[in-house]
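Asker: Here's a structure for you.
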Amino acid sequence: MTLDDNWFTEICEEGGTAFSLQIKAKLHEERTAYQRIAIYETAQFGNLMVIDGFVMLSQRDNFFYHEMLAHPALFTHPRPRRVLIIGGGDCGTLREVLKHQDVEHVVQVEIDERVTRLAEEYFPELCESNGDPRAQLHFGDGIQWVAEAADGSVDIIIVDSTDPIGPAEGLFTEPFYRQCRRILTPEGILVQQSESPLLHMDIIAAMRNAMTAAGFHSVQTLHFPQCVYPSGWWSATMAGKALDLTSFREDAIMKKDFATRYYNPAIHRASLACPTFFEAALEQVQE
Ligand code: SAM
């Protein structure tokens, strides 16, 4: 990460790329027990949260990511009632999940309480549903929470984590996916942010292989734009305990009683399409 002439720059070493945002002011910076968090006011993208030098979200474009982490899984599951979010401390994914009136309970397990407290201050619109009686904010390690949860107790698990380093490393492993599978109901779905299809095929392929090795019946990667992340193109990977993840409740999306800015049935269908190079890369990794 560099800050030069009022530009914040995130360097992506593995991609040989960098992304910059023009900054008006640094609003906050602190080192917590887990990571260094910084908040900036940008010229065009609203407030920006950065953890350990990596962009987490901007006010302008976080809707792509938060909607795509929540709605495809929730509209694929026939009756999602109980949802677990791991990470997600900015509360944007939580807000999207709570838009589903059929959801009865959402627990968000974020390791670093400071992320949520700073989101409440600098990203209040993402935290507007935190007081919903269906929401439970728990601060602790998601890996431990899943290990201690009861069999078949959750319909959807959303892993909205940082990159696979530091406290998030264990969230990208087969033993963790085995535990997730154990605590999911028979029609349960796990969905996890899975980095850039262009730059991080190794991470995506390893995640898919680990999910399959953990016993999931089907695995499906979704693609969507996310301009503040390396390459501007991002993914989430769904794993189904028994469900076919290519069909979804299109009628329910058409009749939904809440607004989305990116997600709709055509976007859901399009996000499932597998680019040719992606398919070829997956085959190569499996060889
Ligand atoms: N959208 C973001 C991205 O991909 O860059 C992620 C946003 S969210 C702020 C990520 C959160 O995951 C962080 O707040 C971090 O503290 C949390 N986290 C990392 N490892 C965790 C773990 N083992 N258990 C719970 N939360 C964890």
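So you can find residues: chains in the structure tokens are A, B, ... in the order shown, residues in each start at 1, and ligands are numbered from 1 in order.
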Taking only C-alpha atoms and all ligand atoms and a cut-off of 7 Å, can you tell me which residues surround ligand 1, written as a PyMOL selection string?
Answerer: chain A and resi 54-57+65+86-90+109-112+115+140-143+160-163+167-168+170-171+193
Asker: Grab the residues selected above and save them as a short mmCIF file (atom, residue, chain, number, x, y, z; two decimals), in the first residue's frame with N, CA, C and O atoms.
Answerer:
data_model
loop_
_atom_site.label_atom_id
_atom_site.label_comp_id
_atom_site.auth_asym_id
_atom_site.auth_seq_id
_atom_site.Cartn_x
_atom_site.Cartn_y
_atom_site.Cartn_z
N PHE A 54 -5.15 -3.75 2.16
CA PHE A 54 -6.02 -4.27 1.10
C PHE A 54 -7.40 -3.63 1.19
O PHE A 54 -8.00 -3.57 2.27
N VAL A 55 -7.91 -3.19 0.05
CA VAL A 55 -9.24 -2.56 0.02
C VAL A 55 -10.30 -3.58 0.42
O VAL A 55 -10.35 -4.68 -0.13
N MET A 56 -11.14 -3.21 1.38
CA MET A 56 -12.27 -4.04 1.78
C MET A 56 -13.53 -3.60 1.05
O MET A 56 -14.24 -4.40 0.48
N LEU A 57 -13.82 -2.30 1.12
CA LEU A 57 -15.03 -1.81 0.45
C LEU A 57 -15.02 -0.31 0.30
O LEU A 57 -14.34 0.39 1.07
N TYR A 65 -20.73 -6.65 -4.60
CA TYR A 65 -20.20 -7.75 -3.77
C TYR A 65 -21.22 -8.24 -2.75
O TYR A 65 -21.48 -9.44 -2.65
N ILE A 86 -19.80 -15.52 8.26
CA ILE A 86 -18.48 -15.53 8.91
C ILE A 86 -17.67 -14.38 8.34
O ILE A 86 -17.56 -14.25 7.11
N GLY A 87 -17.11 -13.55 9.21
CA GLY A 87 -16.46 -12.31 8.76
C GLY A 87 -17.55 -11.27 8.57
O GLY A 87 -18.44 -11.12 9.41
N GLY A 88 -17.45 -10.54 7.43
CA GLY A 88 -18.54 -9.62 7.08
C GLY A 88 -18.75 -8.48 8.05
O GLY A 88 -19.85 -7.91 8.12
N GLY A 89 -17.72 -8.11 8.79
CA GLY A 89 -17.87 -7.13 9.88
C GLY A 89 -18.39 -5.78 9.46
O GLY A 89 -18.89 -5.02 10.30
N ASP A 90 -18.29 -5.44 8.17
CA ASP A 90 -18.84 -4.15 7.73
C ASP A 90 -20.37 -4.18 7.69
O ASP A 90 -21.01 -3.14 7.55
N VAL A 109 -20.54 -13.88 12.66
CA VAL A 109 -19.39 -14.18 13.52
C VAL A 109 -18.17 -13.49 12.92
O VAL A 109 -17.56 -13.97 11.96
N GLU A 110 -17.84 -12.35 13.47
CA GLU A 110 -16.72 -11.52 12.99
C GLU A 110 -15.63 -11.55 14.07
O GLU A 110 -15.91 -11.33 15.25
N ILE A 111 -14.41 -11.81 13.65
CA ILE A 111 -13.34 -11.97 14.64
C ILE A 111 -12.95 -10.63 15.28
O ILE A 111 -12.53 -10.60 16.45
N ASP A 112 -13.10 -9.54 14.53
CA ASP A 112 -12.58 -8.24 14.98
C ASP A 112 -13.73 -7.25 15.19
O ASP A 112 -14.25 -6.65 14.23
N VAL A 115 -13.90 -3.74 13.41
CA VAL A 115 -14.37 -3.57 12.03
C VAL A 115 -15.84 -3.13 12.05
O VAL A 115 -16.23 -2.19 11.35
N GLY A 140 -15.97 -13.26 17.41
CA GLY A 140 -15.13 -14.41 17.71
C GLY A 140 -14.67 -15.04 16.41
O GLY A 140 -14.98 -14.55 15.31
N ASP A 141 -13.94 -16.13 16.52
CA ASP A 141 -13.37 -16.82 15.37
C ASP A 141 -14.43 -17.70 14.70
O ASP A 141 -15.03 -18.56 15.36
N GLY A 142 -14.63 -17.49 13.42
CA GLY A 142 -15.63 -18.25 12.68
C GLY A 142 -15.31 -19.74 12.64
O GLY A 142 -16.23 -20.57 12.62
N ILE A 143 -14.05 -20.08 12.62
CA ILE A 143 -13.65 -21.50 12.55
C ILE A 143 -14.09 -22.21 13.83
O ILE A 143 -14.68 -23.30 13.80
N ASP A 160 -17.68 -14.31 4.28
CA ASP A 160 -17.36 -12.97 3.76
C ASP A 160 -16.08 -12.54 4.46
O ASP A 160 -16.09 -11.72 5.37
N SER A 161 -14.98 -13.12 4.02
CA SER A 161 -13.74 -12.97 4.78
C SER A 161 -12.70 -12.14 4.02
O SER A 161 -12.87 -11.84 2.84
N THR A 162 -11.63 -11.84 4.70
CA THR A 162 -10.46 -11.26 4.07
C THR A 162 -9.76 -12.35 3.23
O THR A 162 -10.21 -13.50 3.18
N ASP A 163 -8.66 -11.99 2.59
CA ASP A 163 -7.91 -12.94 1.74
C ASP A 163 -7.36 -14.08 2.61
O ASP A 163 -7.24 -13.93 3.83
N PRO A 167 -5.89 -14.38 10.01
CA PRO A 167 -6.98 -15.11 10.66
C PRO A 167 -7.92 -15.81 9.68
O PRO A 167 -8.65 -16.73 10.06
N ALA A 168 -7.89 -15.40 8.41
CA ALA A 168 -8.82 -15.98 7.42
C ALA A 168 -8.27 -17.25 6.77
O ALA A 168 -9.00 -17.96 6.07
N GLY A 170 -7.52 -20.27 7.69
CA GLY A 170 -8.22 -21.53 7.96
C GLY A 170 -9.60 -21.63 7.36
O GLY A 170 -10.20 -22.71 7.32
N LEU A 171 -10.12 -20.48 6.87
CA LEU A 171 -11.46 -20.48 6.27
C LEU A 171 -11.44 -21.01 4.83
O LEU A 171 -12.47 -21.12 4.19
N GLN A 193 -16.55 -15.86 -0.63
CA GLN A 193 -15.86 -14.98 -1.59
C GLN A 193 -14.61 -15.73 -2.04
O GLN A 193 -13.89 -16.31 -1.25
#
Asker: Excluding same-chain residues fewer than 5 positions from Trp7 (chain A), what lies within 12 Å of it counting only C-alpha atoms, as a ChimeraX atom specification?
Answerer: /A:1-2,18-26,40-44
Asker: Please produce an output containing N, CA, C and O atoms for each residue in the selection, written as a PDB file, in the first residue's frame.
Answerer:
ATOM      1  N   MET A   1       0.841  -1.198   0.000  1.00  0.00           N
ATOM      2  CA  MET A   1       0.000   0.000   0.000  1.00  0.00           C
ATOM      3  C   MET A   1       0.876   1.247   0.000  1.00  0.00           C
ATOM      4  O   MET A   1       1.847   1.326   0.737  1.00  0.00           O
ATOM      5  N   THR A   2       0.549   2.228  -0.835  1.00  0.00           N
ATOM      6  CA  THR A   2       1.273   3.490  -0.813  1.00  0.00           C
ATOM      7  C   THR A   2       0.262   4.635  -0.779  1.00  0.00           C
ATOM      8  O   THR A   2      -0.854   4.495  -1.239  1.00  0.00           O
ATOM      9  N   ALA A  18      -1.789  -2.465  -9.975  1.00  0.00           N
ATOM     10  CA  ALA A  18      -2.071  -1.581  -8.840  1.00  0.00           C
ATOM     11  C   ALA A  18      -3.371  -0.848  -9.128  1.00  0.00           C
ATOM     12  O   ALA A  18      -3.728  -0.615 -10.284  1.00  0.00           O
ATOM     13  N   PHE A  19      -4.102  -0.507  -8.063  1.00  0.00           N
ATOM     14  CA  PHE A  19      -5.360   0.229  -8.219  1.00  0.00           C
ATOM     15  C   PHE A  19      -5.312   1.431  -7.289  1.00  0.00           C
ATOM     16  O   PHE A  19      -4.938   1.304  -6.114  1.00  0.00           O
ATOM     17  N   SER A  20      -5.680   2.592  -7.794  1.00  0.00           N
ATOM     18  CA  SER A  20      -5.588   3.818  -6.996  1.00  0.00           C
ATOM     19  C   SER A  20      -6.937   4.526  -6.880  1.00  0.00           C
ATOM     20  O   SER A  20      -7.745   4.475  -7.810  1.00  0.00           O
ATOM     21  N   LEU A  21      -7.129   5.171  -5.750  1.00  0.00           N
ATOM     22  CA  LEU A  21      -8.307   6.016  -5.536  1.00  0.00           C
ATOM     23  C   LEU A  21      -7.828   7.361  -5.016  1.00  0.00           C
ATOM     24  O   LEU A  21      -6.961   7.408  -4.126  1.00  0.00           O
ATOM     25  N   GLN A  22      -8.405   8.426  -5.526  1.00  0.00           N
ATOM     26  CA  GLN A  22      -8.033   9.756  -5.051  1.00  0.00           C
ATOM     27  C   GLN A  22      -8.658   9.985  -3.679  1.00  0.00           C
ATOM     28  O   GLN A  22      -9.845   9.702  -3.473  1.00  0.00           O
ATOM     29  N   ILE A  23      -7.843  10.459  -2.759  1.00  0.00           N
ATOM     30  CA  ILE A  23      -8.243  10.587  -1.358  1.00  0.00           C
ATOM     31  C   ILE A  23      -8.431  12.059  -0.990  1.00  0.00           C
ATOM     32  O   ILE A  23      -7.609  12.895  -1.341  1.00  0.00           O
ATOM     33  N   LYS A  24      -9.512  12.338  -0.248  1.00  0.00           N
ATOM     34  CA  LYS A  24      -9.699  13.705   0.275  1.00  0.00           C
ATOM     35  C   LYS A  24      -9.085  13.811   1.663  1.00  0.00           C
ATOM     36  O   LYS A  24      -8.521  14.826   2.023  1.00  0.00           O
ATOM     37  N   ALA A  25      -9.252  12.718   2.476  1.00  0.00           N
ATOM     38  CA  ALA A  25      -8.743  12.764   3.856  1.00  0.00           C
ATOM     39  C   ALA A  25      -8.616  11.362   4.420  1.00  0.00           C
ATOM     40  O   ALA A  25      -9.369  10.463   4.029  1.00  0.00           O
ATOM     41  N   LYS A  26      -7.663  11.205   5.347  1.00  0.00           N
ATOM     42  CA  LYS A  26      -7.639   9.960   6.133  1.00  0.00           C
ATOM     43  C   LYS A  26      -8.510  10.214   7.354  1.00  0.00           C
ATOM     44  O   LYS A  26      -8.275  11.149   8.117  1.00  0.00           O
ATOM     45  N   TYR A  40     -10.645   5.999   4.801  1.00  0.00           N
ATOM     46  CA  TYR A  40     -10.364   7.209   4.034  1.00  0.00           C
ATOM     47  C   TYR A  40     -11.661   7.772   3.465  1.00  0.00           C
ATOM     48  O   TYR A  40     -12.603   7.014   3.180  1.00  0.00           O
ATOM     49  N   GLU A  41     -11.651   9.095   3.248  1.00  0.00           N
ATOM     50  CA  GLU A  41     -12.709   9.710   2.448  1.00  0.00           C
ATOM     51  C   GLU A  41     -12.124   9.886   1.054  1.00  0.00           C
ATOM     52  O   GLU A  41     -11.074  10.540   0.896  1.00  0.00           O
ATOM     53  N   THR A  42     -12.757   9.299   0.051  1.00  0.00           N
ATOM     54  CA  THR A  42     -12.216   9.410  -1.312  1.00  0.00           C
ATOM     55  C   THR A  42     -12.903  10.556  -2.057  1.00  0.00           C
ATOM     56  O   THR A  42     -13.942  11.073  -1.611  1.00  0.00           O
ATOM     57  N   ALA A  43     -12.345  10.894  -3.221  1.00  0.00           N
ATOM     58  CA  ALA A  43     -12.930  11.988  -4.006  1.00  0.00           C
ATOM     59  C   ALA A  43     -14.228  11.552  -4.681  1.00  0.00           C
ATOM     60  O   ALA A  43     -15.179  12.327  -4.771  1.00  0.00           O
ATOM     61  N   GLN A  44     -14.291  10.295  -5.153  1.00  0.00           N
ATOM     62  CA  GLN A  44     -15.445   9.875  -5.973  1.00  0.00           C
ATOM     63  C   GLN A  44     -16.131   8.607  -5.479  1.00  0.00           C
ATOM     64  O   GLN A  44     -17.189   8.258  -5.976  1.00  0.00           O
TER      65      GLN A  44
END
Asker: Hey, what's within 7 Å of Val107 (chain A) if we count only C-alpha atoms and toss same-chain stuff fewer than 4 positions away? As a list of chain:residue names, please?
Answerer: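 With the cut-off at 7 Å, the set is A:Val83, A:Leu84, A:Ile85, A:Ala135, A:Gln136, A:Leu137, A:His138.
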Asker: Counting only C-alpha atoms, figure out which residue out of A:Glu67, A:Arg114, A:Leu245, A:Phe258 gets nearest to Gln35 (chain A).
Answerer: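 Using only C-alpha atoms, Gln35 (chain A) sits closest to A:Arg114.
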Asker: Would you mind listing what lies within 6 Å of Ala239 (chain A) as a list of chain:residue names, with only C-alpha atoms counted and same-chain residues fewer than 2 positions away left out?
Answerer: A:Ile189, A:Leu190, A:Ser218, A:Val219
Asker: My list of candidates is A:Ile267, A:Leu198, A:Ala242, A:Ala252. Which is closest to Ala281 (chain A) when distances are computed with only C-alpha atoms?
Answerer: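 Looking at the shortest contact to Ala281 (chain A), the residue is A:Leu198.
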Asker: When distances are computed from only C-alpha atoms, which of A:Pro80, A:Pro186, A:Gly232, A:Pro72 shows the smallest separation from Tyr262 (chain A)?
Answerer: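 Of A:Pro80, A:Pro186, A:Gly232, A:Pro72, the one nearest Tyr262 (chain A), counting only C-alpha atoms, is A:Pro72.
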Asker: Quick one: everything within 9 Å of Leu74 (chain A), counting only C-alpha atoms, minus sequence neighbours fewer than 4 positions away in the same chain. Send it as an NGL selection string.
Answerer: :A and (70 or 78-80 or 97 or 100 or 156 or 189 or 248)
Asker: Write down as a PyMOL selection string the residues belonging to region 117-159 of chain A that are assigned helix (DSSP H, G or I) by DSSP computed on the backbone.
Answerer: chain A and resi 117-122+124-127+142-148
Asker: Please identify which residues in region 30-264 of chain A DSSP calls strand (DSSP E) from the backbone, and express them as an MDAnalysis selection string.
Answerer: chainID A and resid 30:31 36:42 47:51 54:58 82:87 105:110 135:139 154:160 184:193 218:225 233:240
Asker: Let me make sure I understand: among A:Arg249, A:Arg31, A:His223, A:His200, which one has the smallest atom-to-atom distance to Gly15 (chain A) if we use only C-alpha atoms?
Answerer: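 With only C-alpha atoms as the atom set, the closest residue is A:His200.
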Asker: Which one is closest to Tyr34 (chain A): A:Pro124, A:Gly16, A:Gly166, A:Pro133? Count only C-alpha atoms.
Answerer: A:Gly166
Asker: Applying 10 Å and only C-alpha atoms, which residues near region 126-129 of chain A remain after dropping the ones on its own chain fewer than 3 positions away? List them as number ranges by chain.
Answerer: A: 59, 62-63, 66, 89-99, 116-117, 119-123, 132-135
Asker: Go ahead and save the residues from that selection, with N, CA, C and O atoms, as an mmCIF file, in the first residue's frame.
Answerer:
data_model
loop_
_atom_site.group_PDB
_atom_site.id
_atom_site.type_symbol
_atom_site.label_atom_id
_atom_site.label_comp_id
_atom_site.auth_asym_id
_atom_site.auth_seq_id
_atom_site.Cartn_x
_atom_site.Cartn_y
_atom_site.Cartn_z
ATOM 1 N N GLN A 59 -17.971 2.950 -0.407
ATOM 2 C CA GLN A 59 -19.416 3.195 -0.349
ATOM 3 C C GLN A 59 -20.044 3.136 -1.738
ATOM 4 O O GLN A 59 -21.181 2.751 -1.887
ATOM 5 N N ASN A 62 -19.799 -1.152 -3.183
ATOM 6 C CA ASN A 62 -19.891 -2.407 -2.409
ATOM 7 C C ASN A 62 -21.150 -3.209 -2.723
ATOM 8 O O ASN A 62 -21.237 -4.387 -2.390
ATOM 9 N N PHE A 63 -22.142 -2.569 -3.375
ATOM 10 C CA PHE A 63 -23.406 -3.299 -3.607
ATOM 11 C C PHE A 63 -23.230 -4.511 -4.510
ATOM 12 O O PHE A 63 -23.931 -5.514 -4.355
ATOM 13 N N HIS A 66 -21.808 -7.308 -2.013
ATOM 14 C CA HIS A 66 -22.719 -7.728 -0.946
ATOM 15 C C HIS A 66 -23.975 -8.411 -1.500
ATOM 16 O O HIS A 66 -24.444 -9.404 -0.940
ATOM 17 N N GLY A 89 -17.716 -8.109 8.793
ATOM 18 C CA GLY A 89 -17.867 -7.132 9.880
ATOM 19 C C GLY A 89 -18.390 -5.779 9.462
ATOM 20 O O GLY A 89 -18.895 -5.022 10.298
ATOM 21 N N ASP A 90 -18.293 -5.438 8.169
ATOM 22 C CA ASP A 90 -18.842 -4.148 7.725
ATOM 23 C C ASP A 90 -20.367 -4.175 7.692
ATOM 24 O O ASP A 90 -21.006 -3.144 7.554
ATOM 25 N N CYS A 91 -20.965 -5.371 7.797
ATOM 26 C CA CYS A 91 -22.412 -5.584 7.920
ATOM 27 C C CYS A 91 -23.201 -5.396 6.621
ATOM 28 O O CYS A 91 -24.442 -5.456 6.635
ATOM 29 N N GLY A 92 -22.517 -5.195 5.493
ATOM 30 C CA GLY A 92 -23.216 -5.049 4.211
ATOM 31 C C GLY A 92 -23.905 -6.334 3.781
ATOM 32 O O GLY A 92 -25.032 -6.305 3.262
ATOM 33 N N THR A 93 -23.257 -7.479 3.993
ATOM 34 C CA THR A 93 -23.885 -8.760 3.640
ATOM 35 C C THR A 93 -25.057 -9.032 4.574
ATOM 36 O O THR A 93 -26.130 -9.480 4.140
ATOM 37 N N LEU A 94 -24.882 -8.724 5.845
ATOM 38 C CA LEU A 94 -25.958 -8.910 6.839
ATOM 39 C C LEU A 94 -27.201 -8.123 6.413
ATOM 40 O O LEU A 94 -28.329 -8.629 6.458
ATOM 41 N N ARG A 95 -26.997 -6.888 5.989
ATOM 42 C CA ARG A 95 -28.133 -6.068 5.554
ATOM 43 C C ARG A 95 -28.881 -6.740 4.390
ATOM 44 O O ARG A 95 -30.113 -6.780 4.381
ATOM 45 N N GLU A 96 -28.136 -7.279 3.417
ATOM 46 C CA GLU A 96 -28.793 -7.934 2.273
ATOM 47 C C GLU A 96 -29.563 -9.176 2.716
ATOM 48 O O GLU A 96 -30.672 -9.417 2.260
ATOM 49 N N VAL A 97 -28.975 -9.972 3.604
ATOM 50 C CA VAL A 97 -29.640 -11.209 4.067
ATOM 51 C C VAL A 97 -30.946 -10.863 4.789
ATOM 52 O O VAL A 97 -31.984 -11.506 4.588
ATOM 53 N N LEU A 98 -30.911 -9.805 5.605
ATOM 54 C CA LEU A 98 -32.092 -9.433 6.397
ATOM 55 C C LEU A 98 -33.224 -8.865 5.535
ATOM 56 O O LEU A 98 -34.354 -8.740 5.995
ATOM 57 N N LYS A 99 -32.929 -8.552 4.266
ATOM 58 C CA LYS A 99 -34.004 -8.100 3.366
ATOM 59 C C LYS A 99 -34.980 -9.241 3.080
ATOM 60 O O LYS A 99 -36.102 -8.993 2.673
ATOM 61 N N THR A 116 -16.629 -3.772 12.883
ATOM 62 C CA THR A 116 -18.055 -3.440 12.961
ATOM 63 C C THR A 116 -18.271 -2.062 13.590
ATOM 64 O O THR A 116 -19.090 -1.270 13.112
ATOM 65 N N ARG A 117 -17.521 -1.772 14.641
ATOM 66 C CA ARG A 117 -17.701 -0.457 15.291
ATOM 67 C C ARG A 117 -17.336 0.675 14.327
ATOM 68 O O ARG A 117 -17.990 1.718 14.297
ATOM 69 N N ALA A 119 -17.453 0.440 11.013
ATOM 70 C CA ALA A 119 -18.488 0.448 9.964
ATOM 71 C C ALA A 119 -19.708 1.231 10.447
ATOM 72 O O ALA A 119 -20.299 2.010 9.693
ATOM 73 N N GLU A 120 -20.065 1.051 11.723
ATOM 74 C CA GLU A 120 -21.226 1.785 12.265
ATOM 75 C C GLU A 120 -21.001 3.292 12.156
ATOM 76 O O GLU A 120 -21.929 4.054 11.905
ATOM 77 N N GLU A 121 -19.740 3.697 12.327
ATOM 78 C CA GLU A 121 -19.424 5.122 12.307
ATOM 79 C C GLU A 121 -19.265 5.673 10.877
ATOM 80 O O GLU A 121 -19.769 6.745 10.564
ATOM 81 N N TYR A 122 -18.570 4.915 10.030
ATOM 82 C CA TYR A 122 -18.203 5.458 8.714
ATOM 83 C C TYR A 122 -19.024 4.892 7.551
ATOM 84 O O TYR A 122 -18.955 5.406 6.439
ATOM 85 N N PHE A 123 -19.749 3.794 7.774
ATOM 86 C CA PHE A 123 -20.603 3.190 6.734
ATOM 87 C C PHE A 123 -21.982 2.908 7.350
ATOM 88 O O PHE A 123 -22.451 1.767 7.342
ATOM 89 N N ASP A 132 -32.085 -5.192 13.912
ATOM 90 C CA ASP A 132 -33.174 -6.123 13.586
ATOM 91 C C ASP A 132 -33.170 -7.253 14.610
ATOM 92 O O ASP A 132 -32.117 -7.836 14.882
ATOM 93 N N PRO A 133 -34.331 -7.574 15.208
ATOM 94 C CA PRO A 133 -34.346 -8.625 16.246
ATOM 95 C C PRO A 133 -33.892 -9.986 15.739
ATOM 96 O O PRO A 133 -33.509 -10.854 16.525
ATOM 97 N N ARG A 134 -33.878 -10.206 14.421
ATOM 98 C CA ARG A 134 -33.430 -11.493 13.869
ATOM 99 C C ARG A 134 -31.909 -11.573 13.789
ATOM 100 O O ARG A 134 -31.355 -12.638 13.539
ATOM 101 N N ALA A 135 -31.223 -10.426 13.980
ATOM 102 C CA ALA A 135 -29.765 -10.401 13.805
ATOM 103 C C ALA A 135 -29.040 -10.572 15.128
ATOM 104 O O ALA A 135 -29.410 -9.955 16.135
#
Asker: Of the candidates A:Ala236, A:Ala259, A:Ala33, A:Ala73, which shows the shortest atom-to-atom distance to Asp155 (chain A), using only C-alpha atoms?
Answerer: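 Closest to Asp155 (chain A), using only C-alpha atoms: A:Ala73.
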Asker: One decimal, in Å: what's the spacing between CA of Phe278 (chain A) and CA of Met201 (chain A)?
Answerer: 7.9 Å
Asker: Give me, as a short mmCIF file (atom, residue, chain, number, x, y, z; two decimals) with all heavy atoms, in the first residue's frame, all polymer residues having an atom no more than 9 Å from Leu282 (chain A), counting only C-alpha atoms and skipping those fewer than 5 positions away in the same chain.
Answerer:
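So out_37.cif came out as:
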data_model
loop_
_atom_site.label_atom_id
_atom_site.label_comp_id
_atom_site.auth_asym_id
_atom_site.auth_seq_id
_atom_site.Cartn_x
_atom_site.Cartn_y
_atom_site.Cartn_z
N MET A 201 -6.79 -17.93 -9.97
CA MET A 201 -7.36 -19.24 -10.33
C MET A 201 -6.85 -20.34 -9.41
O MET A 201 -7.56 -21.30 -9.11
CB MET A 201 -7.01 -19.55 -11.79
CG MET A 201 -7.59 -20.83 -12.30
SD MET A 201 -9.39 -20.95 -12.08
CE MET A 201 -9.94 -19.87 -13.37
N ASP A 202 -5.60 -20.19 -8.93
CA ASP A 202 -5.05 -21.21 -8.02
C ASP A 202 -5.89 -21.29 -6.74
O ASP A 202 -6.20 -22.38 -6.26
CB ASP A 202 -3.57 -20.91 -7.70
CG ASP A 202 -3.36 -19.48 -7.21
OD1 ASP A 202 -4.21 -18.59 -7.47
OD2 ASP A 202 -2.34 -19.23 -6.53
N ILE A 204 -9.10 -20.28 -6.40
CA ILE A 204 -10.45 -20.75 -6.74
C ILE A 204 -10.43 -22.27 -6.94
O ILE A 204 -11.29 -22.99 -6.43
CB ILE A 204 -10.99 -20.04 -8.00
CG1 ILE A 204 -11.09 -18.53 -7.75
CG2 ILE A 204 -12.34 -20.61 -8.40
CD1 ILE A 204 -11.47 -17.70 -8.97
N ALA A 205 -9.44 -22.76 -7.68
CA ALA A 205 -9.38 -24.20 -7.96
C ALA A 205 -9.16 -24.99 -6.67
O ALA A 205 -9.81 -26.02 -6.43
CB ALA A 205 -8.25 -24.49 -8.96
N PHE A 277 -11.94 -19.81 -20.72
CA PHE A 277 -10.59 -19.93 -20.13
C PHE A 277 -10.67 -20.48 -18.69
O PHE A 277 -9.78 -21.18 -18.23
CB PHE A 277 -9.85 -18.57 -20.13
CG PHE A 277 -10.14 -17.70 -18.93
CD1 PHE A 277 -9.36 -17.81 -17.77
CD2 PHE A 277 -11.18 -16.80 -18.93
CE1 PHE A 277 -9.64 -17.03 -16.64
CE2 PHE A 277 -11.47 -16.03 -17.82
CZ PHE A 277 -10.69 -16.13 -16.67
N GLU A 287 -5.74 -31.92 -13.64
CA GLU A 287 -4.95 -32.98 -14.30
C GLU A 287 -3.82 -33.47 -13.43
O GLU A 287 -3.28 -32.71 -12.64
CB GLU A 287 -4.37 -32.44 -15.61
CG GLU A 287 -5.37 -32.61 -16.77
CD GLU A 287 -4.95 -31.80 -18.00
OE1 GLU A 287 -3.81 -31.32 -18.05
OE2 GLU A 287 -5.80 -31.65 -18.88
#
